[in-house]
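Participant: To start, I am sharing the structure in question, which I have written as structure tokens.
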Amino acid sequence: MSNEHAPLLAHGVCGLSVDTAVCGMGGSEGTGEASTPNAVPRKLNTFFGVIVPTVLSMFSIVLFLRTGFVVGHAGLLQGLVMLLVAYIIISLTILSICAISTNGAVQGGGAYFMISRSLGPEFGGSIGLMFFLAKVCACGVYVLGLVEAILDIFGQDSASSSALRVLPQGYWYTVMYSSIVLLLVLLVCLVGAHIFARTSFLILLVVTISLLSIYISPLALTTPLNFLISHQGPGNHTLTYNASYTGFNGTTLRDNLGSSYTVDYSTGKEMSFASVFAVMFTSCTGIMAGANMSGELKNPSAAIPKGTIIAVLYTCIVYVLLFILASSTCERTLLVQDYGFFQSINIWPPFVTIGIYCSALSAAMCSLIGASRILHALALDQLFGFPLAPAAITSSSGNPWVAVLYTWGLAQCVVFAGQLNAIAGLVTVFYLLAYAAVDLACLALEWASAPNFRPTFQVFSWHTCLLGILSCLVMMFVINPVYSSASIILLLLLLLFLHYRSPTSSWGYISQALIFHQVRKYLLMLDVRKDHVKFWRPQVLLMVANPRSSCQLINFVNQLKKGGLFVLGHVKLGDLDTLPSDPVQQQYNFWLSLVDKLGVKAFVDLTLSSSVRQGTQHLLRITGLGGMKPNTLVLGFYDSCTPEDYFLQDPAFYESEEAGGDDFGVDLPSLQAHFPPVRHVESPRWLTPEEYVGIISDAIKMSKNVCLGRYFFQLQGESMGTKMDGAERIIDVWPLNLLRPGSTSAASVDVCSLFLLQMACVLNMASRWRHARMRIFLCVEAESSDQGWVVKEETFRELLRKLRIRASIKIVPWDSVVQLYGQKQTQDTELGELGLTRSAPALSEDFLSAVNCLLMEHSAQAAVRFLYLPRPPTHSGQSQQYLSQLEAVTHGLGPTLLIHGLTPVTCTEL
């Protein structure tokens with residue numbers, strides 16, 4: 001085999017090379033070729049590769065600027081509950097992250113890469129864009145937090161005792177300062193992103209020293225401190241508050257245990273559990289920083305779970321101690337009215353100031369660079385087309401500077417919110433939605449039971465994934481139902497957009513794995529022994545020699561299946577013993593692309609055989625599975641008509657040839673070239689008349705219903721883009737055997753006649769035929785002396801009423817036709833007595849011409865006709881005679897379906 005000794009697939013999927021920096025930043029991006037395991041050196045250990053970036057990402061503005069806000073409004077007990085809920089949510093998500101990230105390398109894009117490669121392009125692209133927006137909003141939050149800290153020291157309205165209160169304050173000043181800071185962040189990301197990535201450990205060291213100074217300060221400041229805090233109130237009134245730092249004090253701790261939600265001085269809005277939780281949760285948005293580094297880790301399967309869990313435990317302990325410290329040493333007024341109170345109670349305030357600036361700046365840069373890498377990954381995957389195409393451009397060093405500019409522009413819009421607390425809820429909702437998507441990805445992989453889902457991290461189950469999804473969704477709506485609903489609606493719109501675009505992907509679709517898993521179970525439940533005639537539906541195998549001349553018939557049968565199985569069958573002539581490989585396997589993509597072009601809901605089943613008849617037998621036996629197996633064989637008619645090339649008529653096969661290939665690499669020129677030109681008049685036939693009639697006989701022996709379609713190339717309005725509703729169409733049904741007039745004397749209808757009626761009703765239910773008129777023709781001998789045809793008509797009307805078939809009955813006298821048949825029968829009987837006839841008597845040309853004229857007279861205006869197909873002769877020598885009779889009867893009729901039904905299909909009972 002050509003690929004038997006192919007090398008093991010590299011972990012670089014779809015041309016994305018590994019992103020190599022903190023929170024998805026830095027590093028060179030892919031050039032469009034699949035990366036190899038040696039493309040990026042793996043040097044980082046657990047500490048520098050996972051713990052440092054994760055801790056630094058989680059130590060955001062909440063650590064220094066919102067601890068007092070949370071404890072002051074919610075109290076210590078509710079604050080700890082918020083912390084517990086937040087860490088339960090992220091812990092459940094961490095289990096999913098560790099499972100997915102240890103099942104394969106995570107490349108550029110972080111969470112987007114995980115979700116897209118696990119759930120497919122539709123879910124991955126939509127969730128990736130939502131995660132990008134979350135990081136953009138988070139960047140704005142961190143910038144606003146940094147400006148807030150700057151104004152606390154240098155603002156003219158600040159309560160600080162600093163002599164450098166020179167910066168004017170107000171909404172537009174805040175926006176201006178934020179824009180300047182964001183511009184500085186942009187310059188660093190464009191010029192020195194690699195330097196910032198390498199200094200992340202030093203930044204964490206500075207933040208840790210600032211933290212230690214906060215913990216040590218209460219031991220050094222043993223005497224209480226009083227503060228006078230003033231804020232600009234409504235109507236340009238100045239509000240002044242007396243606040244105290246008491247040091248460790250039992251009374252202070254008791255006073256701060258319960259909640260006391262008041263108005264937030266920065267936004268002027270009443271706080272609640274949900275709004276405070278939204279602000280607090282922004283400290284839990286960095287848990288994926290370590291997973292983003294998998295491409296640079298020496299041992300990612302061990303480092304990611306271990307490092308992420310250690311980092312989360314460390315940050316949880318830090319936050320719990322800070323909550324207890326703040327509630328034990330500061331009165332509630334100080335906590336609520338001064339976000340930067342840690343500076344006021346520090347042994348050396350610059351410690352805290354430096355920590356705030358470092359943590360806020362690093363978090364803002366991390367978010368901006370991480371968001372730009374997600375956008376760059378989306379652009380490389382070409383999921384959103386032209387609008388994001390420029391974001392794929394990179395500098396010579398690999399920095400996606402266009403994606404950085406995109407991200408900076410959106411973050412600039414975010415800072416117009418003016419206050420950190422005003423957009424904290426939106427950031428939290430976006431992150432919760434992204435975390436729910438990661439849990440969903442892991443849950444889907446677990447439920448799909450894919451053999452290749454073998455993560456080395458085993459401390460998870462579908463229960464933890466499901467609980468993580470539910471907890472994220474519940475907290476989203478608790479925080480802000482409007483934001484949550486809007487974000488989910490936006491997600492669904494993006495999902496529908498990507499589904500409509502059908503982007504090219506070779507990542508695999510989790511939906512296919514889940515569908516396979518469920519369909520297998522339901523097929524086992526679909527027991528053929530429990531079939532009932534009430535629920536019968538056509539399950540069709542349509543044999544196609546060349547789809548160029550059969551597309552109209554394919555489209556028609558698609559209307560005729562009524563939600564049943566529809567399989568396109570094709571026999572490739574050949575002997576596998578003389579071939580190096582199976583040629584059938586290489587043809588499936590072309591046939592499936594044909595099905596996509598035609599827009600029909602059909603499967604494809606191909607086989608290799610030495611003859612078409614033997615191949616059709618194979619397909620009739622093995623096509624389908626369990627209770628979903630064909631019960632009806634449809635063939636094109638065997639005649640001498642020159643077939644037409646449908647590919648030259650349908651715009652789907654000759655327009656937009658420059659559009660490129662479909663999702664699976666089959667472009668229009670290749671599709672055109674794969675199927676051979678239609679047969680010319682002089683060209684040899686694939687089938688002999690004996691073989692064709694033998695196929696019909698085989699199907700009947702195998703208890704399959706048989707349909708022969710003739711003149712369907714004349715049928716209009718069956719293609720995918722046609723808007724016809726059948727209002728002007730007529731469906732004609734001739735339920736009696738026109739070639740054997742005497743066979744219907746005993747009863748008005750038989751099983752085959754009822755099958756014709758059922759198939760006509762099924763067509764009448766189809767979307768493009770539901771307004772068509774159905775007519776049923778009863779051929780009677782009007783000149784008969786017993787007048788039995790009157791009783792037959794009444795009996796037939798009663799049958800239609802019981803079967804709930806809406807159709808008009810047309811009585812057609814055919815005495816002259818029966819007389820011609822009777823003359824031939826008399827001659828055959830005389831010859832038969834002499835032993836000169838074969839098993840099936842021949843029909844005179846006059847009789848066949850008379851039947852054809854009868855049909856032309858009454859059904860010339862019909863869009864399609866359903867005729868009774870007689871059984872084929874038992875002797876192969878009569879095959880040509882049998883086909884000649886069918887050809888003579890249907891000559892010039894237009895679209896006609898000759899049907900021989902064997903299975904009961906109707907029921908008058910409930």
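Each chain of the structure tokens is named A, B, ... in the order shown, its residues numbered from 1; ligands are numbered from 1 in display order.
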As an NGL selection string, please: the residues near Gly709 in chain A (cut-off 10 Å, only C-alpha atoms, same-chain neighbours under 6 positions excluded).
Facilitator: :A and (553 or 556-557 or 634-638 or 865-866 or 895-899)
Participant: Those residues you just picked out, can you put them in a file as a PDB file, in the first residue's frame with C-alpha atoms?
Facilitator:
```pdb
ATOM      1  CA  LEU A 553     -34.127  10.536 -11.873  1.00  0.00           C
ATOM      2  CA  PHE A 556     -37.143  12.544  -8.472  1.00  0.00           C
ATOM      3  CA  VAL A 557     -36.424   9.499  -6.300  1.00  0.00           C
ATOM      4  CA  VAL A 634     -35.115   1.590  -9.004  1.00  0.00           C
ATOM      5  CA  LEU A 635     -33.540   1.273 -12.439  1.00  0.00           C
ATOM      6  CA  GLY A 636     -33.355   3.530 -15.424  1.00  0.00           C
ATOM      7  CA  PHE A 637     -35.205   2.289 -18.494  1.00  0.00           C
ATOM      8  CA  TYR A 638     -33.468   0.094 -21.052  1.00  0.00           C
ATOM      9  CA  ARG A 865     -47.306   8.491 -14.684  1.00  0.00           C
ATOM     10  CA  PHE A 866     -47.352   5.372 -12.517  1.00  0.00           C
ATOM     11  CA  PRO A 895     -41.791  10.771 -17.334  1.00  0.00           C
ATOM     12  CA  THR A 896     -43.146   7.333 -16.431  1.00  0.00           C
ATOM     13  CA  LEU A 897     -42.499   4.972 -13.521  1.00  0.00           C
ATOM     14  CA  LEU A 898     -43.268   1.290 -14.129  1.00  0.00           C
ATOM     15  CA  ILE A 899     -43.745  -0.408 -10.763  1.00  0.00           C
TER      16      ILE A 899
END
```
Participant: Quick one: everything within 8 Å of Val733 in chain A, counting only C-alpha atoms, minus sequence neighbours fewer than 3 positions away in the same chain. Send it as a list of chain:residue names.
Facilitator: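 Contacts, with the query itself left out: A:Leu756, A:Leu757, A:Ala760, A:Met774, A:Arg775, A:Ile776, A:Phe777, A:Arg865, A:Phe866, A:Leu867.
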Participant: Hey, what's within 12 Å of Lys561 in chain A if we count only C-alpha atoms and toss same-chain stuff fewer than 3 positions away? As an MDAnalysis selection string, please?
Facilitator: chainID A and resid 536:542 554:558 564:567 600:602 630:634 758:767
Participant: I'd like to know which of A:Phe277, A:Phe47, A:Tyr319, A:Phe384 is closest to Leu494 in chain A, using only C-alpha atoms.
Facilitator: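 Among the listed residues, the smallest separation from Leu494 in chain A belongs to A:Phe384.
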Participant: Compile the contact shell of Ser266 in chain A as a PDB file with N, CA, C and O atoms, in the first residue's frame: residues with an atom at most 9 Å away, counting only C-alpha atoms, same-chain residues fewer than 2 positions apart removed.
Facilitator:
```pdb
ATOM      1  N   HIS A 231     -15.391  61.622  48.156  1.00  0.00           N
ATOM      2  CA  HIS A 231     -15.728  61.271  46.775  1.00  0.00           C
ATOM      3  C   HIS A 231     -16.648  62.334  46.212  1.00  0.00           C
ATOM      4  O   HIS A 231     -17.380  63.002  46.948  1.00  0.00           O
ATOM      5  N   VAL A 263     -24.171  51.313  47.727  1.00  0.00           N
ATOM      6  CA  VAL A 263     -23.899  51.903  46.416  1.00  0.00           C
ATOM      7  C   VAL A 263     -22.390  51.917  46.165  1.00  0.00           C
ATOM      8  O   VAL A 263     -21.608  52.307  47.045  1.00  0.00           O
ATOM      9  N   ASP A 264     -22.000  51.489  44.980  1.00  0.00           N
ATOM     10  CA  ASP A 264     -20.591  51.522  44.588  1.00  0.00           C
ATOM     11  C   ASP A 264     -20.224  52.954  44.201  1.00  0.00           C
ATOM     12  O   ASP A 264     -20.859  53.558  43.335  1.00  0.00           O
ATOM     13  N   GLY A 268     -21.921  54.372  41.014  1.00  0.00           N
ATOM     14  CA  GLY A 268     -23.164  54.929  41.521  1.00  0.00           C
ATOM     15  C   GLY A 268     -24.322  53.956  41.491  1.00  0.00           C
ATOM     16  O   GLY A 268     -25.485  54.369  41.588  1.00  0.00           O
ATOM     17  N   LYS A 269     -24.048  52.651  41.375  1.00  0.00           N
ATOM     18  CA  LYS A 269     -25.095  51.635  41.312  1.00  0.00           C
ATOM     19  C   LYS A 269     -25.102  50.794  42.578  1.00  0.00           C
ATOM     20  O   LYS A 269     -24.055  50.572  43.198  1.00  0.00           O
ATOM     21  N   GLN A 419     -15.403  52.784  33.674  1.00  0.00           N
ATOM     22  CA  GLN A 419     -15.240  52.219  35.011  1.00  0.00           C
ATOM     23  C   GLN A 419     -15.056  50.715  34.908  1.00  0.00           C
ATOM     24  O   GLN A 419     -15.720  50.040  34.112  1.00  0.00           O
ATOM     25  N   LEU A 420     -14.169  50.205  35.729  1.00  0.00           N
ATOM     26  CA  LEU A 420     -13.871  48.780  35.760  1.00  0.00           C
ATOM     27  C   LEU A 420     -15.114  47.956  36.086  1.00  0.00           C
ATOM     28  O   LEU A 420     -15.431  46.971  35.413  1.00  0.00           O
ATOM     29  N   ASN A 421     -15.836  48.376  37.124  1.00  0.00           N
ATOM     30  CA  ASN A 421     -16.992  47.591  37.572  1.00  0.00           C
ATOM     31  C   ASN A 421     -18.105  47.542  36.532  1.00  0.00           C
ATOM     32  O   ASN A 421     -18.944  46.644  36.552  1.00  0.00           O
ATOM     33  N   ALA A 422     -18.133  48.519  35.614  1.00  0.00           N
ATOM     34  CA  ALA A 422     -19.228  48.594  34.652  1.00  0.00           C
ATOM     35  C   ALA A 422     -19.191  47.464  33.633  1.00  0.00           C
ATOM     36  O   ALA A 422     -20.230  47.062  33.109  1.00  0.00           O
TER      37      ALA A 422
END
```
Participant: Mind checking which residues fall within 8 Å of Arg117 in chain A, counting only C-alpha atoms, ignoring those fewer than 4 positions away in the same chain, and posting them as JSON, numbers by chain?
Facilitator: {"A": [113, 121, 124, 507, 508]}
Participant: Give me a file of those residues, with N, CA, C and O atoms, as a CSV table (one decimal), in the first residue's frame.
Facilitator:
```csv
chain,number,residue,atom,x,y,z
A,113,PHE,N,-8.0,26.7,20.2
A,113,PHE,CA,-7.5,25.5,19.5
A,113,PHE,C,-8.1,24.2,20.1
A,113,PHE,O,-8.5,23.3,19.4
A,121,PRO,N,-15.1,22.9,13.3
A,121,PRO,CA,-14.9,24.4,13.0
A,121,PRO,C,-16.1,25.2,13.4
A,121,PRO,O,-15.9,26.4,13.8
A,124,GLY,N,-15.9,25.5,17.3
A,124,GLY,CA,-14.6,26.1,17.6
A,124,GLY,C,-14.5,27.5,17.2
A,124,GLY,O,-14.0,28.4,17.9
A,507,TRP,N,-9.9,18.7,10.8
A,507,TRP,CA,-9.7,18.5,12.3
A,507,TRP,C,-10.5,17.3,12.8
A,507,TRP,O,-10.3,16.9,13.9
A,508,GLY,N,-11.6,16.9,12.1
A,508,GLY,CA,-12.5,16.0,12.6
A,508,GLY,C,-13.7,16.7,13.3
A,508,GLY,O,-13.5,17.8,13.8
```
